[in-house]
Amino acid sequence: MAIDVYTDGSCLGNPGPGGYGVVIFNNGKRELSGGEKLTTNNKMEMMAAIVALSELKDCNEAINLHTDSKYVIQGITEWINGWKRNGWKTAARKPVKNAGFWVELDRLNSSMNIKWIWVKGHSDNEWNERCDVLARTAAGNQ
């Protein structure tokens, strides 16, 4: 049986104070959150996934990672191989934004069995909504 993980990022202004929220269902439920004083929404979306996967790095089970970030989903499942082939440059030959985050997310993704699942944000998905609350609270505490 797969471990279910939900993640979300938030930013009060973009850039501005930001936060991330994570809910992990693995032998019970764990909630994680944190943030930065000056960041972007995309960075916090990525940080949520990185924190969640880092918590599970020694796990050999399949992971269903649910996120409402199309940026994260498309980046890790579609764009990343081209970026790596191009030396972390986009098709337009510009440096990939947030490359350090992508390198870490790629490292984690490559060593784990992860199914990336997009969920529509603010659509009454209980655990996506909980992650949103955790992320916004963390952003507000910066």
# chains A, B, ... in the order shown; residues from 1 in each chain; ligands from 1

call {"tool": "select_by_dssp", "arguments": {"residues": "segment 33-112 of chain A", "states": "helix (DSSP H, G or I)", "output": "JSON, numbers by chain"}}
result
{"A": [41, 42, 43, 44, 45, 46, 47, 48, 49, 50, 51, 52, 53, 54, 55, 70, 71, 72, 73, 74, 75, 76, 77, 78, 79, 80, 81, 82, 83, 84, 85, 99, 100, 101, 102, 103, 104, 105, 106, 107, 108, 109, 110]}

call {"tool": "write_last_selection", "arguments": {"atoms": "N, CA and C atoms", "output": "compact mmCIF listing (two decimals), in the first residue's frame"}}
result
# COMPACT_ATOMS: atom_id res chain seq x y z
N ASN A 41 6.15 31.88 -4.17
CA ASN A 41 5.19 30.80 -4.07
C ASN A 41 5.76 29.51 -4.66
N ASN A 42 6.39 29.60 -5.83
CA ASN A 42 6.93 28.40 -6.47
C ASN A 42 8.00 27.73 -5.60
N LYS A 43 8.84 28.53 -4.97
CA LYS A 43 9.86 27.95 -4.08
C LYS A 43 9.21 27.22 -2.91
N MET A 44 8.15 27.78 -2.37
CA MET A 44 7.49 27.13 -1.23
C MET A 44 6.75 25.86 -1.67
N GLU A 45 6.20 25.85 -2.87
CA GLU A 45 5.58 24.63 -3.40
C GLU A 45 6.63 23.53 -3.51
N MET A 46 7.81 23.89 -4.03
CA MET A 46 8.89 22.92 -4.17
C MET A 46 9.43 22.49 -2.81
N MET A 47 9.57 23.44 -1.90
CA MET A 47 10.09 23.13 -0.57
C MET A 47 9.18 22.14 0.14
N ALA A 48 7.87 22.29 -0.03
CA ALA A 48 6.92 21.36 0.59
C ALA A 48 7.20 19.93 0.11
N ALA A 49 7.38 19.76 -1.19
CA ALA A 49 7.66 18.42 -1.73
C ALA A 49 9.01 17.91 -1.25
N ILE A 50 10.03 18.76 -1.22
CA ILE A 50 11.36 18.36 -0.77
C ILE A 50 11.33 17.94 0.69
N VAL A 51 10.67 18.71 1.54
CA VAL A 51 10.58 18.37 2.97
C VAL A 51 9.85 17.04 3.15
N ALA A 52 8.74 16.87 2.44
CA ALA A 52 7.97 15.63 2.57
C ALA A 52 8.81 14.42 2.16
N LEU A 53 9.44 14.50 1.01
CA LEU A 53 10.23 13.37 0.52
C LEU A 53 11.47 13.13 1.37
N SER A 54 12.06 14.19 1.91
CA SER A 54 13.21 14.03 2.80
C SER A 54 12.83 13.27 4.06
N GLU A 55 11.61 13.50 4.53
CA GLU A 55 11.11 12.77 5.70
C GLU A 55 10.96 11.28 5.41
N LYS A 70 0.93 22.93 -10.54
CA LYS A 70 1.25 22.44 -11.88
C LYS A 70 2.73 22.67 -12.17
N TYR A 71 3.30 23.72 -11.61
CA TYR A 71 4.74 24.01 -11.77
C TYR A 71 5.57 22.83 -11.28
N VAL A 72 5.26 22.32 -10.10
CA VAL A 72 6.01 21.18 -9.54
C VAL A 72 5.77 19.93 -10.37
N ILE A 73 4.51 19.64 -10.66
CA ILE A 73 4.18 18.42 -11.42
C ILE A 73 4.85 18.44 -12.79
N GLN A 74 4.66 19.52 -13.54
CA GLN A 74 5.24 19.57 -14.88
C GLN A 74 6.76 19.62 -14.84
N GLY A 75 7.31 20.33 -13.87
CA GLY A 75 8.76 20.41 -13.75
C GLY A 75 9.40 19.06 -13.53
N ILE A 76 8.86 18.28 -12.59
CA ILE A 76 9.49 17.01 -12.23
C ILE A 76 9.14 15.88 -13.19
N THR A 77 8.01 15.97 -13.89
CA THR A 77 7.61 14.87 -14.77
C THR A 77 7.83 15.16 -16.26
N GLU A 78 7.95 16.44 -16.64
CA GLU A 78 8.06 16.77 -18.06
C GLU A 78 9.33 17.55 -18.41
N TRP A 79 9.60 18.60 -17.69
CA TRP A 79 10.64 19.55 -18.09
C TRP A 79 12.05 19.16 -17.64
N ILE A 80 12.17 18.42 -16.55
CA ILE A 80 13.47 18.24 -15.90
C ILE A 80 14.50 17.54 -16.78
N ASN A 81 14.09 16.56 -17.56
CA ASN A 81 15.08 15.85 -18.39
C ASN A 81 15.70 16.77 -19.43
N GLY A 82 14.90 17.64 -20.01
CA GLY A 82 15.44 18.62 -20.95
C GLY A 82 16.38 19.60 -20.26
N TRP A 83 16.02 20.04 -19.08
CA TRP A 83 16.88 20.96 -18.33
C TRP A 83 18.23 20.33 -18.05
N LYS A 84 18.20 19.08 -17.62
CA LYS A 84 19.46 18.39 -17.31
C LYS A 84 20.30 18.22 -18.58
N ARG A 85 19.66 17.82 -19.67
CA ARG A 85 20.36 17.66 -20.96
C ARG A 85 20.99 18.97 -21.40
N ALA A 99 16.96 26.35 -9.78
CA ALA A 99 17.71 25.14 -10.15
C ALA A 99 18.14 24.32 -8.95
N GLY A 100 18.57 24.96 -7.88
CA GLY A 100 18.98 24.21 -6.69
C GLY A 100 17.86 23.37 -6.11
N PHE A 101 16.66 23.91 -6.11
CA PHE A 101 15.49 23.16 -5.64
C PHE A 101 15.22 21.98 -6.57
N TRP A 102 15.32 22.23 -7.89
CA TRP A 102 15.06 21.16 -8.86
C TRP A 102 16.09 20.05 -8.75
N VAL A 103 17.35 20.40 -8.53
CA VAL A 103 18.39 19.38 -8.36
C VAL A 103 18.06 18.48 -7.17
N GLU A 104 17.67 19.08 -6.07
CA GLU A 104 17.33 18.30 -4.87
C GLU A 104 16.08 17.47 -5.09
N LEU A 105 15.07 18.05 -5.70
CA LEU A 105 13.83 17.31 -5.96
C LEU A 105 14.11 16.15 -6.92
N ASP A 106 14.95 16.36 -7.91
CA ASP A 106 15.31 15.30 -8.84
C ASP A 106 16.06 14.18 -8.12
N ARG A 107 16.97 14.54 -7.23
CA ARG A 107 17.72 13.54 -6.48
C ARG A 107 16.78 12.66 -5.67
N LEU A 108 15.84 13.28 -4.98
CA LEU A 108 14.87 12.52 -4.18
C LEU A 108 13.97 11.68 -5.08
N ASN A 109 13.47 12.28 -6.15
CA ASN A 109 12.57 11.59 -7.06
C ASN A 109 13.24 10.36 -7.69
N SER A 110 14.53 10.49 -8.01
CA SER A 110 15.26 9.41 -8.67
C SER A 110 15.51 8.23 -7.75

call {"tool": "residues_around", "arguments": {"residues": "Leu12 of chain A", "least_positions_apart": "6", "cutoff": "12 Å", "atoms": "only C-alpha atoms", "output": "ChimeraX atom specification"}}
result
/A:18-20,35-41,44,135-142

call {"tool": "closest_residue", "arguments": {"among": "A:Arg93, A:Asn60, A:Trp127, A:Gly121", "to": "Phe25 of chain A", "atoms": "only C-alpha atoms"}}
result
A:Trp127

call {"tool": "atom_distance", "arguments": {"atom1": "atom CA of Val5 of chain A", "atom2": "atom CA of Val96 of chain A"}}
result
26.3 Å

call {"tool": "residues_around", "arguments": {"residues": "Val119 of chain A", "least_positions_apart": "6", "cutoff": "7 Å", "atoms": "only C-alpha atoms", "output": "mmCIF file with C-alpha atoms, in the first residue's frame"}}
result
data_model
loop_
_atom_site.group_PDB
_atom_site.id
_atom_site.type_symbol
_atom_site.label_atom_id
_atom_site.label_comp_id
_atom_site.auth_asym_id
_atom_site.auth_seq_id
_atom_site.Cartn_x
_atom_site.Cartn_y
_atom_site.Cartn_z
ATOM 1 C CA HIS A 66 -0.515 15.118 -4.088
ATOM 2 C CA THR A 67 0.103 18.768 -4.954
ATOM 3 C CA ASP A 68 -1.933 21.581 -6.450
#

call {"tool": "atom_distance", "arguments": {"atom1": "atom CA of Met112 of chain A", "atom2": "atom CA of Gly87 of chain A"}}
result
23.2 Å

call {"tool": "select_by_dssp", "arguments": {"residues": "segment 1-121 of chain A", "states": "strand (DSSP E or B)", "output": "PyMOL selection string"}}
result
chain A and resi 3-11+16-25+29-39+63-67+89+95+114-118

call {"tool": "closest_residue", "arguments": {"among": "A:Lys94, A:Lys89, A:Lys115, A:Lys29", "to": "Glu61 of chain A", "atoms": "only C-alpha atoms"}}
result
A:Lys115
